[in-house]
>>> print(open('query32.pdb').read())   # PDB, C-alpha atoms
ATOM      1  CA  MET A  24      -6.367  -8.630 -21.499
ATOM      2  CA  ASN A  25      -3.756  -7.533 -18.966
ATOM      3  CA  ILE A  26      -4.455  -8.742 -15.430
ATOM      4  CA  VAL A  27      -2.802  -5.557 -14.169
ATOM      5  CA  GLU A  28      -3.189  -2.256 -16.018
ATOM      6  CA  TYR A  29      -0.732   0.622 -15.776
ATOM      7  CA  ALA A  30      -1.426   4.212 -16.770
ATOM      8  CA  VAL A  31      -0.038   7.658 -15.963
ATOM      9  CA  LYS A  32      -1.952  10.923 -15.848
ATOM     10  CA  ASP A  33      -0.966  14.241 -14.277
ATOM     11  CA  ARG A  34       1.974  12.690 -12.380
ATOM     12  CA  ILE A  35      -0.205   9.940 -10.861
ATOM     13  CA  GLY A  36       0.623   6.345 -11.703
ATOM     14  CA  PHE A  37      -2.509   4.172 -11.728
ATOM     15  CA  ILE A  38      -2.023   0.446 -11.095
ATOM     16  CA  THR A  39      -5.294  -1.416 -11.604
ATOM     17  CA  LEU A  40      -6.157  -5.001 -10.673
ATOM     18  CA  ASN A  41      -8.012  -6.367 -13.690
ATOM     19  CA  ARG A  42      -9.437  -9.800 -12.868
ATOM     20  CA  PRO A  43     -13.009  -8.687 -12.130
ATOM     21  CA  GLU A  44     -14.459 -12.087 -13.077
ATOM     22  CA  LYS A  45     -12.311 -13.614 -10.280
ATOM     23  CA  ARG A  46     -12.967 -10.770  -7.847
ATOM     24  CA  ASN A  47      -9.333  -9.767  -8.423
ATOM     25  CA  ALA A  48      -8.195 -12.795  -6.422
ATOM     26  CA  LEU A  49      -4.445 -13.166  -5.994
ATOM     27  CA  SER A  50      -2.806 -15.756  -8.217
ATOM     28  CA  HIS A  51       0.924 -16.295  -8.747
ATOM     29  CA  GLU A  52       0.636 -14.444 -12.055
ATOM     30  CA  LEU A  53      -1.250 -11.492 -10.564
ATOM     31  CA  VAL A  54       1.296 -11.080  -7.771
ATOM     32  CA  ALA A  55       4.094 -11.137 -10.367
ATOM     33  CA  ALA A  56       2.299  -8.560 -12.517
ATOM     34  CA  LEU A  57       1.797  -6.282  -9.503
ATOM     35  CA  LYS A  58       5.473  -6.515  -8.581
ATOM     36  CA  ASP A  59       6.417  -5.526 -12.115
ATOM     37  CA  ALA A  60       3.921  -2.645 -12.162
ATOM     38  CA  PHE A  61       5.169  -1.168  -8.886
ATOM     39  CA  THR A  62       8.769  -1.459 -10.064
ATOM     40  CA  GLN A  63       7.810   0.328 -13.286
ATOM     41  CA  ALA A  64       5.975   3.090 -11.411
ATOM     42  CA  GLU A  65       8.864   3.617  -9.001
ATOM     43  CA  LYS A  66      11.297   4.105 -11.907
ATOM     44  CA  ASP A  67       8.906   6.248 -13.956
ATOM     45  CA  ASP A  68      10.036   9.884 -13.769
ATOM     46  CA  ALA A  69       6.560  10.981 -14.883
ATOM     47  CA  VAL A  70       5.058   9.521 -11.677
ATOM     48  CA  LYS A  71       5.174  11.161  -8.250
ATOM     49  CA  VAL A  72       2.306   9.382  -6.446
ATOM     50  CA  ILE A  73       0.814   5.937  -7.124
ATOM     51  CA  VAL A  74      -2.821   4.841  -6.849
ATOM     52  CA  LEU A  75      -3.654   1.134  -6.485
ATOM     53  CA  LYS A  76      -7.213   0.443  -7.629
ATOM     54  CA  ALA A  77      -9.328  -2.396  -9.050
ATOM     55  CA  ASN A  78     -11.940  -3.116 -11.692
ATOM     56  CA  GLY A  79     -15.174  -4.893 -10.778
ATOM     57  CA  GLU A  80     -17.188  -5.295  -7.600
ATOM     58  CA  ALA A  81     -14.369  -6.434  -5.282
ATOM     59  CA  PHE A  82     -11.077  -4.733  -4.567
ATOM     60  CA  CYS A  83      -9.410  -8.096  -3.948
ATOM     61  CA  ALA A  84     -10.938 -11.277  -2.536
ATOM     62  CA  GLY A  85      -7.700 -12.859  -1.337
ATOM     63  CA  ALA A  86      -6.149 -16.004  -2.779
ATOM     64  CA  ASP A  87      -7.525 -17.535  -5.963
ATOM     65  CA  LEU A  88      -9.463 -20.782  -5.303
ATOM     66  CA  ALA A  89      -7.780 -22.685  -8.114
ATOM     67  CA  TYR A  90      -4.460 -21.453  -6.777
ATOM     68  CA  LEU A  91      -5.306 -22.727  -3.274
ATOM     69  CA  GLN A  92      -6.002 -26.150  -4.744
ATOM     70  CA  GLN A  93      -2.575 -26.189  -6.379
ATOM     71  CA  LEU A  94      -0.872 -25.349  -3.091
ATOM     72  CA  GLN A  95      -2.052 -28.637  -1.571
ATOM     73  CA  ASN A  96       0.364 -30.478  -3.868
ATOM     74  CA  PHE A  97       3.362 -28.189  -3.243
ATOM     75  CA  SER A  98       6.475 -29.315  -1.396
ATOM     76  CA  TYR A  99       7.763 -27.247   1.541
ATOM     77  CA  GLU A 100      10.383 -25.675  -0.753
ATOM     78  CA  GLU A 101       7.719 -24.761  -3.319
ATOM     79  CA  ASN A 102       5.473 -23.293  -0.625
ATOM     80  CA  LEU A 103       8.386 -21.298   0.781
ATOM     81  CA  ALA A 104       9.207 -19.866  -2.651
ATOM     82  CA  ASP A 105       5.555 -18.989  -3.171
ATOM     83  CA  SER A 106       5.335 -17.331   0.258
ATOM     84  CA  ASP A 107       8.430 -15.307  -0.564
ATOM     85  CA  HIS A 108       6.721 -14.218  -3.800
ATOM     86  CA  LEU A 109       3.871 -12.564  -1.848
ATOM     87  CA  LYS A 110       6.256 -11.261   0.804
ATOM     88  CA  GLU A 111       8.261  -9.486  -1.895
ATOM     89  CA  LEU A 112       5.128  -7.763  -3.228
ATOM     90  CA  PHE A 113       4.020  -6.494   0.184
ATOM     91  CA  LEU A 114       7.547  -5.384   1.076
ATOM     92  CA  ARG A 115       7.954  -3.645  -2.277
ATOM     93  CA  ILE A 116       4.801  -1.572  -1.735
ATOM     94  CA  TYR A 117       5.651  -0.831   1.915
ATOM     95  CA  THR A 118       9.195   0.324   1.119
ATOM     96  CA  LEU A 119       8.534   1.899  -2.288
ATOM     97  CA  LYS A 120      10.175   5.297  -2.726
ATOM     98  CA  LYS A 121       6.866   6.838  -3.768
ATOM     99  CA  VAL A 122       3.616   7.237  -1.809
ATOM    100  CA  VAL A 123       1.001   4.572  -2.576
ATOM    101  CA  ILE A 124      -2.738   5.214  -2.124
ATOM    102  CA  ALA A 125      -5.260   2.356  -2.120
ATOM    103  CA  GLN A 126      -8.595   3.145  -3.778
ATOM    104  CA  VAL A 127     -10.871   0.461  -2.316
ATOM    105  CA  GLN A 128     -14.157   0.282  -4.221
ATOM    106  CA  GLY A 129     -15.245  -3.114  -2.841
ATOM    107  CA  HIS A 130     -14.436  -5.867  -0.364
ATOM    108  CA  ALA A 131     -10.782  -6.333   0.600
ATOM    109  CA  LEU A 132     -10.371  -9.781   2.148
ATOM    110  CA  ALA A 133      -7.425 -11.838   3.410
ATOM    111  CA  GLY A 134      -4.513 -11.140   1.044
ATOM    112  CA  GLY A 135      -6.612  -8.395  -0.523
ATOM    113  CA  CYS A 136      -6.907  -6.732   2.852
ATOM    114  CA  GLY A 137      -3.152  -7.166   3.083
ATOM    115  CA  LEU A 138      -2.744  -5.109  -0.083
ATOM    116  CA  ALA A 139      -4.669  -2.227   1.482
ATOM    117  CA  THR A 140      -2.698  -2.634   4.716
ATOM    118  CA  VAL A 141       0.716  -2.068   3.132
ATOM    119  CA  CYS A 142      -0.339   1.049   1.218
ATOM    120  CA  ASP A 143       0.489   4.413   2.770
ATOM    121  CA  PHE A 144      -3.086   5.706   2.562
ATOM    122  CA  SER A 145      -6.406   3.957   1.929
ATOM    123  CA  PHE A 146      -9.702   5.406   0.714
ATOM    124  CA  SER A 147     -12.770   3.156   0.871
ATOM    125  CA  VAL A 148     -16.430   3.169  -0.034
ATOM    126  CA  PRO A 149     -18.769   2.803   2.991
ATOM    127  CA  GLU A 150     -20.084  -0.639   1.949
ATOM    128  CA  ALA A 151     -16.674  -2.329   1.606
ATOM    129  CA  LYS A 152     -15.827  -5.069   4.113
ATOM    130  CA  PHE A 153     -12.346  -5.786   5.431
ATOM    131  CA  GLY A 154     -10.897  -8.799   7.194
ATOM    132  CA  TYR A 155      -8.250 -11.478   7.451
ATOM    133  CA  THR A 156     -10.216 -14.709   7.135
ATOM    134  CA  GLU A 157      -7.271 -17.114   6.947
ATOM    135  CA  VAL A 158      -7.916 -18.785  10.319
ATOM    136  CA  LYS A 159     -11.365 -19.860   9.138
ATOM    137  CA  ILE A 160      -9.844 -22.205   6.524
ATOM    138  CA  GLY A 161      -6.963 -23.502   8.623
ATOM    139  CA  PHE A 162      -4.462 -21.043   7.182
ATOM    140  CA  ILE A 163      -2.572 -18.170   8.848
ATOM    141  CA  PRO A 164      -2.239 -14.452   7.998
ATOM    142  CA  ALA A 165       1.523 -14.777   8.380
ATOM    143  CA  ILE A 166       3.010 -12.157   6.080
ATOM    144  CA  VAL A 167       0.450  -9.395   6.465
ATOM    145  CA  MET A 168       0.677  -9.790  10.253
ATOM    146  CA  ILE A 169       4.131  -8.209  10.259
ATOM    147  CA  PHE A 170       2.806  -5.062   8.607
ATOM    148  CA  LEU A 171      -0.520  -4.967  10.459
ATOM    149  CA  LEU A 172       1.164  -5.057  13.888
ATOM    150  CA  ARG A 173       3.194  -2.028  12.869
ATOM    151  CA  LYS A 174       0.142  -0.241  11.532
ATOM    152  CA  ILE A 175      -2.494  -0.693  14.239
ATOM    153  CA  GLY A 176      -0.757  -2.316  17.234
ATOM    154  CA  GLU A 177      -1.033  -5.699  18.921
ATOM    155  CA  ALA A 178      -4.451  -5.485  20.570
ATOM    156  CA  LYS A 179      -6.348  -4.426  17.463
ATOM    157  CA  ALA A 180      -4.329  -6.760  15.233
ATOM    158  CA  LYS A 181      -5.107  -9.718  17.505
ATOM    159  CA  GLN A 182      -8.808  -8.942  17.336
ATOM    160  CA  LEU A 183      -8.762  -9.023  13.540
ATOM    161  CA  LEU A 184      -6.295 -11.839  12.940
ATOM    162  CA  LEU A 185      -7.508 -14.304  15.564
ATOM    163  CA  SER A 186     -11.233 -13.777  15.016
ATOM    164  CA  GLY A 187     -11.105 -13.847  11.231
ATOM    165  CA  GLU A 188     -14.248 -11.729  11.268
ATOM    166  CA  LEU A 189     -15.119  -9.191   8.606
ATOM    167  CA  ILE A 190     -15.479  -5.567   9.669
ATOM    168  CA  THR A 191     -17.146  -2.552   8.069
ATOM    169  CA  ALA A 192     -15.271   0.333   6.507
ATOM    170  CA  GLU A 193     -16.272   2.435   9.514
ATOM    171  CA  ALA A 194     -14.713  -0.088  11.895
ATOM    172  CA  ALA A 195     -11.633  -0.356   9.672
ATOM    173  CA  GLN A 196     -11.207   3.397   9.857
ATOM    174  CA  TYR A 197     -11.641   3.341  13.637
ATOM    175  CA  THR A 198      -8.888   0.730  14.034
ATOM    176  CA  GLY A 199      -6.531   2.690  11.792
ATOM    177  CA  LEU A 200      -6.576   0.126   8.992
ATOM    178  CA  ILE A 201      -7.873   2.688   6.466
ATOM    179  CA  ASN A 202      -7.818   6.477   6.419
ATOM    180  CA  PHE A 203     -10.871   7.823   4.615
ATOM    181  CA  ILE A 204     -14.432   6.726   3.768
ATOM    182  CA  VAL A 205     -15.941   8.284   0.650
ATOM    183  CA  GLN A 206     -19.225   7.696  -1.162
ATOM    184  CA  ARG A 207     -18.789   5.544  -4.263
ATOM    185  CA  GLU A 208     -19.657   8.260  -6.763
ATOM    186  CA  ALA A 209     -16.994  10.560  -5.293
ATOM    187  CA  LEU A 210     -14.271   7.987  -4.563
ATOM    188  CA  GLU A 211     -12.091   8.367  -7.641
ATOM    189  CA  GLN A 212     -12.155  12.166  -7.595
ATOM    190  CA  GLU A 213     -11.377  12.298  -3.865
ATOM    191  CA  VAL A 214      -8.374  10.028  -4.362
ATOM    192  CA  ILE A 215      -7.117  12.125  -7.286
ATOM    193  CA  THR A 216      -7.615  15.376  -5.346
ATOM    194  CA  PHE A 217      -5.679  13.982  -2.387
ATOM    195  CA  ALA A 218      -2.903  12.674  -4.648
ATOM    196  CA  GLN A 219      -2.626  16.018  -6.415
ATOM    197  CA  ARG A 220      -2.358  17.795  -3.077
ATOM    198  CA  LEU A 221       0.635  15.599  -2.185
ATOM    199  CA  ILE A 222       2.115  16.157  -5.630
ATOM    200  CA  THR A 223       1.855  19.954  -5.636
ATOM    201  CA  THR A 224       2.544  20.766  -1.969
ATOM    202  CA  ASN A 225       5.101  18.165  -0.857
ATOM    203  CA  SER A 226       8.683  17.458  -1.833
ATOM    204  CA  SER A 227       9.275  14.037  -3.438
ATOM    205  CA  THR A 228      12.585  13.741  -1.622
ATOM    206  CA  SER A 229      11.022  14.585   1.740
ATOM    207  CA  MET A 230       8.215  12.039   1.328
ATOM    208  CA  GLU A 231      10.670   9.363   0.181
ATOM    209  CA  ILE A 232      13.032   9.869   3.133
ATOM    210  CA  THR A 233      10.177  10.098   5.643
ATOM    211  CA  LYS A 234       8.619   6.864   4.341
ATOM    212  CA  HIS A 235      12.010   5.140   4.463
ATOM    213  CA  MET A 236      12.571   6.259   8.043
ATOM    214  CA  ILE A 237       9.128   5.099   9.203
ATOM    215  CA  ALA A 238       9.876   1.634   7.818
ATOM    216  CA  SER A 239      13.371   1.547   9.342
ATOM    217  CA  VAL A 240      13.311   3.085  12.818
ATOM    218  CA  GLN A 241      10.789   0.730  14.406
ATOM    219  CA  SER A 242      13.277  -2.149  14.518
ATOM    220  CA  LEU A 243      16.017  -0.039  16.129
ATOM    221  CA  SER A 244      16.724   0.707  19.763
ATOM    222  CA  LEU A 245      15.845   4.187  20.962
ATOM    223  CA  GLU A 246      19.472   5.323  20.864
ATOM    224  CA  ASP A 247      20.153   3.785  17.440
ATOM    225  CA  ALA A 248      16.907   5.224  16.064
ATOM    226  CA  LEU A 249      17.841   8.714  17.220
ATOM    227  CA  THR A 250      21.363   8.387  15.787
ATOM    228  CA  PHE A 251      19.843   7.276  12.476
ATOM    229  CA  ALA A 252      17.369  10.186  12.635
ATOM    230  CA  SER A 253      20.143  12.722  13.199
ATOM    231  CA  LYS A 254      22.071  11.406  10.191
ATOM    232  CA  MET A 255      18.980  11.494   7.964
ATOM    233  CA  ASN A 256      18.188  14.995   9.194
ATOM    234  CA  ALA A 257      21.679  16.179   8.275
ATOM    235  CA  GLN A 258      21.472  14.538   4.847
ATOM    236  CA  ALA A 259      18.059  16.075   4.166
ATOM    237  CA  ARG A 260      19.343  19.564   4.933
ATOM    238  CA  ALA A 261      21.882  19.208   2.131
ATOM    239  CA  SER A 262      19.292  18.124  -0.437
ATOM    240  CA  SER A 263      18.331  20.426  -3.307
ATOM    241  CA  ASP A 264      14.671  20.148  -2.309
ATOM    242  CA  CYS A 265      15.405  21.389   1.213
ATOM    243  CA  MET A 266      17.472  24.298  -0.037
ATOM    244  CA  LYS A 267      14.779  25.210  -2.537
ATOM    245  CA  GLY A 268      12.020  24.912   0.068
ATOM    246  CA  ILE A 269      13.761  26.966   2.751
ATOM    247  CA  GLN A 270      14.645  29.689   0.257
ATOM    248  CA  ALA A 271      11.037  29.924  -0.878
ATOM    249  CA  PHE A 272       9.834  30.000   2.746
ATOM    250  CA  LEU A 273      12.253  32.769   3.697
ATOM    251  CA  ASN A 274      11.266  34.793   0.634
ATOM    252  CA  LYS A 275       7.606  34.147   1.336
ATOM    253  CA  GLU A 276       7.227  32.586  -2.093
ATOM    254  CA  LYS A 277       4.753  29.850  -2.934
ATOM    255  CA  ILE A 278       6.609  26.744  -4.001
ATOM    256  CA  GLN A 279       5.371  24.301  -6.624
ATOM    257  CA  TRP A 280       6.800  20.829  -6.404
TER     258      TRP A 280
END
>>> encode(input="query32.pdb", output="structure tokens")
Amino acid sequence: MNIVEYAVKDRIGFITLNRPEKRNALSHELVAALKDAFTQAEKDDAVKVIVLKANGEAFCAGADLAYLQQLQNFSYEENLADSDHLKELFLRIYTLKKVVIAQVQGHALAGGCGLATVCDFSFSVPEAKFGYTEVKIGFIPAIVMIFLLRKIGEAKAKQLLLSGELITAEAAQYTGLINFIVQREALEQEVITFAQRLITTNSSTSMEITKHMIASVQSLSLEDALTFASKMNAQARASSDCMKGIQAFLNKEKIQW
């Protein structure tokens, strides 16, 4: 049994966490398998949009308990390498050239909540709970913090990270952590419909450049960010997608991407 499943249908790449008996908890092996799957999906010409989903009751329950026990015997160097392993997964999803949609069918806790955080869009069932519970076991939400601050701002991030409390899907949507709440029976179809809308109405090049810019400009000064934006704007105008799109717009033709 593969702990991560990969499938492609109608230009959607489906990456599925498949450790339902462990509530899809993050182990070293699962993180490695996810990194490989996202790399595969990014390179796959048959894929335009990616959906991250999970089998079982939980989306992802955070770190694996047996894995946490192992960490107690790690040296600093081993812990640093292991931290970098998770960092690389989150950064890979956040900076991936293709849009990533999280399909959250159950609780997303700690590192599992981090997975949903770094995706570009998140759909959730109403009964799912979200939270970063690390402080309750003497740990810290170090890596996900970097992405969460960017996503929802300091005040809301502090409330979640320092309290360690779980919140409802409704509260997660209110804070900006997730985008959409959908009844369980309609979740998969809603995600597919949304993905197909991106696929058929939006340029791959435009989404890739826009996602890259969002990740890049926030660390720049205002002047440097605007200089970078002007350069990217000029580059985009010369792209085949832009030429194709403008021509179709001027001719009042419907464009299919």
>>> resolve_selection(input="query32.pdb", expression="the PyMOL selection byres ((chain A and resi 201) around 10)", output="NGL selection string")
:A and (125 or 127 or 139-140 or 142-147 or 153 or 174 or 192-200 or 202-204)
>>> resolve_selection(input="query32.pdb", expression="the PyMOL selection byres ((chain A and resi 158) around 12)", output="mmCIF file with C-alpha atoms, in the frame of the given file")
data_model
loop_
_atom_site.group_PDB
_atom_site.id
_atom_site.type_symbol
_atom_site.label_atom_id
_atom_site.label_comp_id
_atom_site.auth_asym_id
_atom_site.auth_seq_id
_atom_site.Cartn_x
_atom_site.Cartn_y
_atom_site.Cartn_z
ATOM 1 C CA ALA A 133 -7.425 -11.838 3.410
ATOM 2 C CA GLY A 154 -10.897 -8.799 7.194
ATOM 3 C CA TYR A 155 -8.250 -11.478 7.451
ATOM 4 C CA THR A 156 -10.216 -14.709 7.135
ATOM 5 C CA GLU A 157 -7.271 -17.114 6.947
ATOM 6 C CA LYS A 159 -11.365 -19.860 9.138
ATOM 7 C CA ILE A 160 -9.844 -22.205 6.524
ATOM 8 C CA GLY A 161 -6.963 -23.502 8.623
ATOM 9 C CA PHE A 162 -4.462 -21.043 7.182
ATOM 10 C CA ILE A 163 -2.572 -18.170 8.848
ATOM 11 C CA PRO A 164 -2.239 -14.452 7.998
ATOM 12 C CA ALA A 165 1.523 -14.777 8.380
ATOM 13 C CA LYS A 181 -5.107 -9.718 17.505
ATOM 14 C CA LEU A 183 -8.762 -9.023 13.540
ATOM 15 C CA LEU A 184 -6.295 -11.839 12.940
ATOM 16 C CA LEU A 185 -7.508 -14.304 15.564
ATOM 17 C CA SER A 186 -11.233 -13.777 15.016
ATOM 18 C CA GLY A 187 -11.105 -13.847 11.231
ATOM 19 C CA GLU A 188 -14.248 -11.729 11.268
#
>>> atom_distance(input="query32.pdb", atom1="CA of Trp280 (chain A)", atom2="CA of Leu112 (chain A)")
28.8 Å
>>> resolve_selection(input="query32.pdb", expression="the PyMOL selection byres ((chain A and resi 65) around 10)", output="list in words")
Gly36, Asp59, Ala60, Phe61, Thr62, Gln63, Ala64, Lys66, Asp67, Asp68, Ala69, Val70, Lys71, Val72, Ile73, Arg115, Ile116, Leu119, Lys120, Lys121 and Val122 of chain A
>>> closest_residue(input="query32.pdb", among="A:Leu221, A:Met236, A:Val167, A:Val205", to="Leu109 (chain A)", atoms="only C-alpha atoms")
A:Val167
>>> atom_distance(input="query32.pdb", atom1="CA of Ser229 (chain A)", atom2="CA of Cys136 (chain A)")
27.9 Å
>>> axis_aligned_box(input="query32.pdb", around="region 189-194 of chain A", padding_each_side="8 Å", output="AutoDock Vina command-line options")
--center_x -15.9 --center_y -3.4 --center_z 9.2 --size_x 18.4 --size_y 27.6 --size_z 21.4
>>> closest_residue(input="query32.pdb", among="A:Arg173, A:Gln219, A:Ala259, A:Met266", to="Val240 (chain A)", atoms="only C-alpha atoms")
A:Arg173
>>> atom_distance(input="query32.pdb", atom1="CA of Phe37 (chain A)", atom2="CA of Leu75 (chain A)")
6.2 Å
>>> closest_residue(input="query32.pdb", among="A:Ser263, A:Gln95, A:Asn47, A:Gln206", to="Leu132 (chain A)", atoms="only C-alpha atoms")
A:Asn47
>>> closest_residue(input="query32.pdb", among="A:Met24, A:Ala271, A:Lys152, A:Gln241", to="Leu189 (chain A)", atoms="only C-alpha atoms")
A:Lys152
>>> closest_residue(input="query32.pdb", among="A:Ser226, A:Asn25, A:Asn78, A:Ser262", to="Leu53 (chain A)", atoms="all atoms listed in the file")
A:Asn25
>>> residues_near_point(input="query32.pdb", point="(-17.4, -2.1, 3.5)", cutoff="7 Å", atoms="only C-alpha atoms", output="list in words")
Gly129, His130, Val148, Pro149, Glu150, Ala151, Lys152, Phe153, Thr191 and Ala192 of chain A
>>> residues_around(input="query32.pdb", residues="Ala48 (chain A)", least_positions_apart="2", cutoff="10 Å", atoms="only C-alpha atoms", output="VMD selection string")
chain A and resid 40 to 46 50 53 to 54 81 to 88 90 131 to 135
>>> residues_around(input="query32.pdb", residues="Ile166 (chain A)", least_positions_apart="5", cutoff="10 Å", atoms="all atoms listed in the file", output="list in words")
Ser106, Asp107, Leu109, Lys110, Glu111, Phe113, Leu114, Gly134, Gly137 and Leu171 of chain A
>>> closest_residue(input="query32.pdb", among="A:Thr118, A:Leu273, A:Ile232, A:Leu94", to="Ala257 (chain A)", atoms="all atoms listed in the file")
A:Ile232
>>> build_atoms(input="query32.pdb", residues="region 246-263 of chain A", atoms="N, CA and C atoms", output="PDB file, in the frame of the given file")
ATOM      1  N   GLU A 246      18.235   4.596  21.132  1.00  0.00           N
ATOM      2  CA  GLU A 246      19.472   5.323  20.864  1.00  0.00           C
ATOM      3  C   GLU A 246      19.873   5.201  19.388  1.00  0.00           C
ATOM      4  N   ASP A 247      19.796   3.986  18.844  1.00  0.00           N
ATOM      5  CA  ASP A 247      20.153   3.785  17.440  1.00  0.00           C
ATOM      6  C   ASP A 247      19.189   4.518  16.504  1.00  0.00           C
ATOM      7  N   ALA A 248      17.898   4.531  16.885  1.00  0.00           N
ATOM      8  CA  ALA A 248      16.907   5.224  16.064  1.00  0.00           C
ATOM      9  C   ALA A 248      17.188   6.723  16.025  1.00  0.00           C
ATOM     10  N   LEU A 249      17.556   7.281  17.167  1.00  0.00           N
ATOM     11  CA  LEU A 249      17.841   8.714  17.220  1.00  0.00           C
ATOM     12  C   LEU A 249      19.129   9.055  16.468  1.00  0.00           C
ATOM     13  N   THR A 250      20.123   8.184  16.549  1.00  0.00           N
ATOM     14  CA  THR A 250      21.363   8.387  15.787  1.00  0.00           C
ATOM     15  C   THR A 250      21.071   8.365  14.291  1.00  0.00           C
ATOM     16  N   PHE A 251      20.260   7.384  13.873  1.00  0.00           N
ATOM     17  CA  PHE A 251      19.843   7.276  12.476  1.00  0.00           C
ATOM     18  C   PHE A 251      19.071   8.529  12.056  1.00  0.00           C
ATOM     19  N   ALA A 252      18.179   9.002  12.939  1.00  0.00           N
ATOM     20  CA  ALA A 252      17.369  10.186  12.635  1.00  0.00           C
ATOM     21  C   ALA A 252      18.242  11.424  12.463  1.00  0.00           C
ATOM     22  N   SER A 253      19.247  11.572  13.305  1.00  0.00           N
ATOM     23  CA  SER A 253      20.143  12.722  13.199  1.00  0.00           C
ATOM     24  C   SER A 253      20.890  12.713  11.866  1.00  0.00           C
ATOM     25  N   LYS A 254      21.353  11.529  11.463  1.00  0.00           N
ATOM     26  CA  LYS A 254      22.071  11.406  10.191  1.00  0.00           C
ATOM     27  C   LYS A 254      21.157  11.744   9.015  1.00  0.00           C
ATOM     28  N   MET A 255      19.918  11.223   9.052  1.00  0.00           N
ATOM     29  CA  MET A 255      18.980  11.494   7.964  1.00  0.00           C
ATOM     30  C   MET A 255      18.609  12.973   7.924  1.00  0.00           C
ATOM     31  N   ASN A 256      18.500  13.572   9.104  1.00  0.00           N
ATOM     32  CA  ASN A 256      18.188  14.995   9.194  1.00  0.00           C
ATOM     33  C   ASN A 256      19.292  15.817   8.534  1.00  0.00           C
ATOM     34  N   ALA A 257      20.541  15.466   8.840  1.00  0.00           N
ATOM     35  CA  ALA A 257      21.679  16.179   8.275  1.00  0.00           C
ATOM     36  C   ALA A 257      21.739  16.012   6.755  1.00  0.00           C
ATOM     37  N   GLN A 258      21.475  14.794   6.289  1.00  0.00           N
ATOM     38  CA  GLN A 258      21.472  14.538   4.847  1.00  0.00           C
ATOM     39  C   GLN A 258      20.372  15.338   4.147  1.00  0.00           C
ATOM     40  N   ALA A 259      19.196  15.369   4.773  1.00  0.00           N
ATOM     41  CA  ALA A 259      18.059  16.075   4.166  1.00  0.00           C
ATOM     42  C   ALA A 259      18.342  17.565   4.026  1.00  0.00           C
ATOM     43  N   ARG A 260      19.043  18.135   4.986  1.00  0.00           N
ATOM     44  CA  ARG A 260      19.343  19.564   4.933  1.00  0.00           C
ATOM     45  C   ARG A 260      20.201  19.927   3.715  1.00  0.00           C
ATOM     46  N   ALA A 261      20.995  18.955   3.264  1.00  0.00           N
ATOM     47  CA  ALA A 261      21.882  19.208   2.131  1.00  0.00           C
ATOM     48  C   ALA A 261      21.217  18.939   0.780  1.00  0.00           C
ATOM     49  N   SER A 262      19.970  18.462   0.816  1.00  0.00           N
ATOM     50  CA  SER A 262      19.292  18.124  -0.437  1.00  0.00           C
ATOM     51  C   SER A 262      18.859  19.385  -1.177  1.00  0.00           C
ATOM     52  N   SER A 263      18.757  19.277  -2.496  1.00  0.00           N
ATOM     53  CA  SER A 263      18.331  20.426  -3.307  1.00  0.00           C
ATOM     54  C   SER A 263      16.894  20.820  -2.973  1.00  0.00           C
TER      55      SER A 263
END
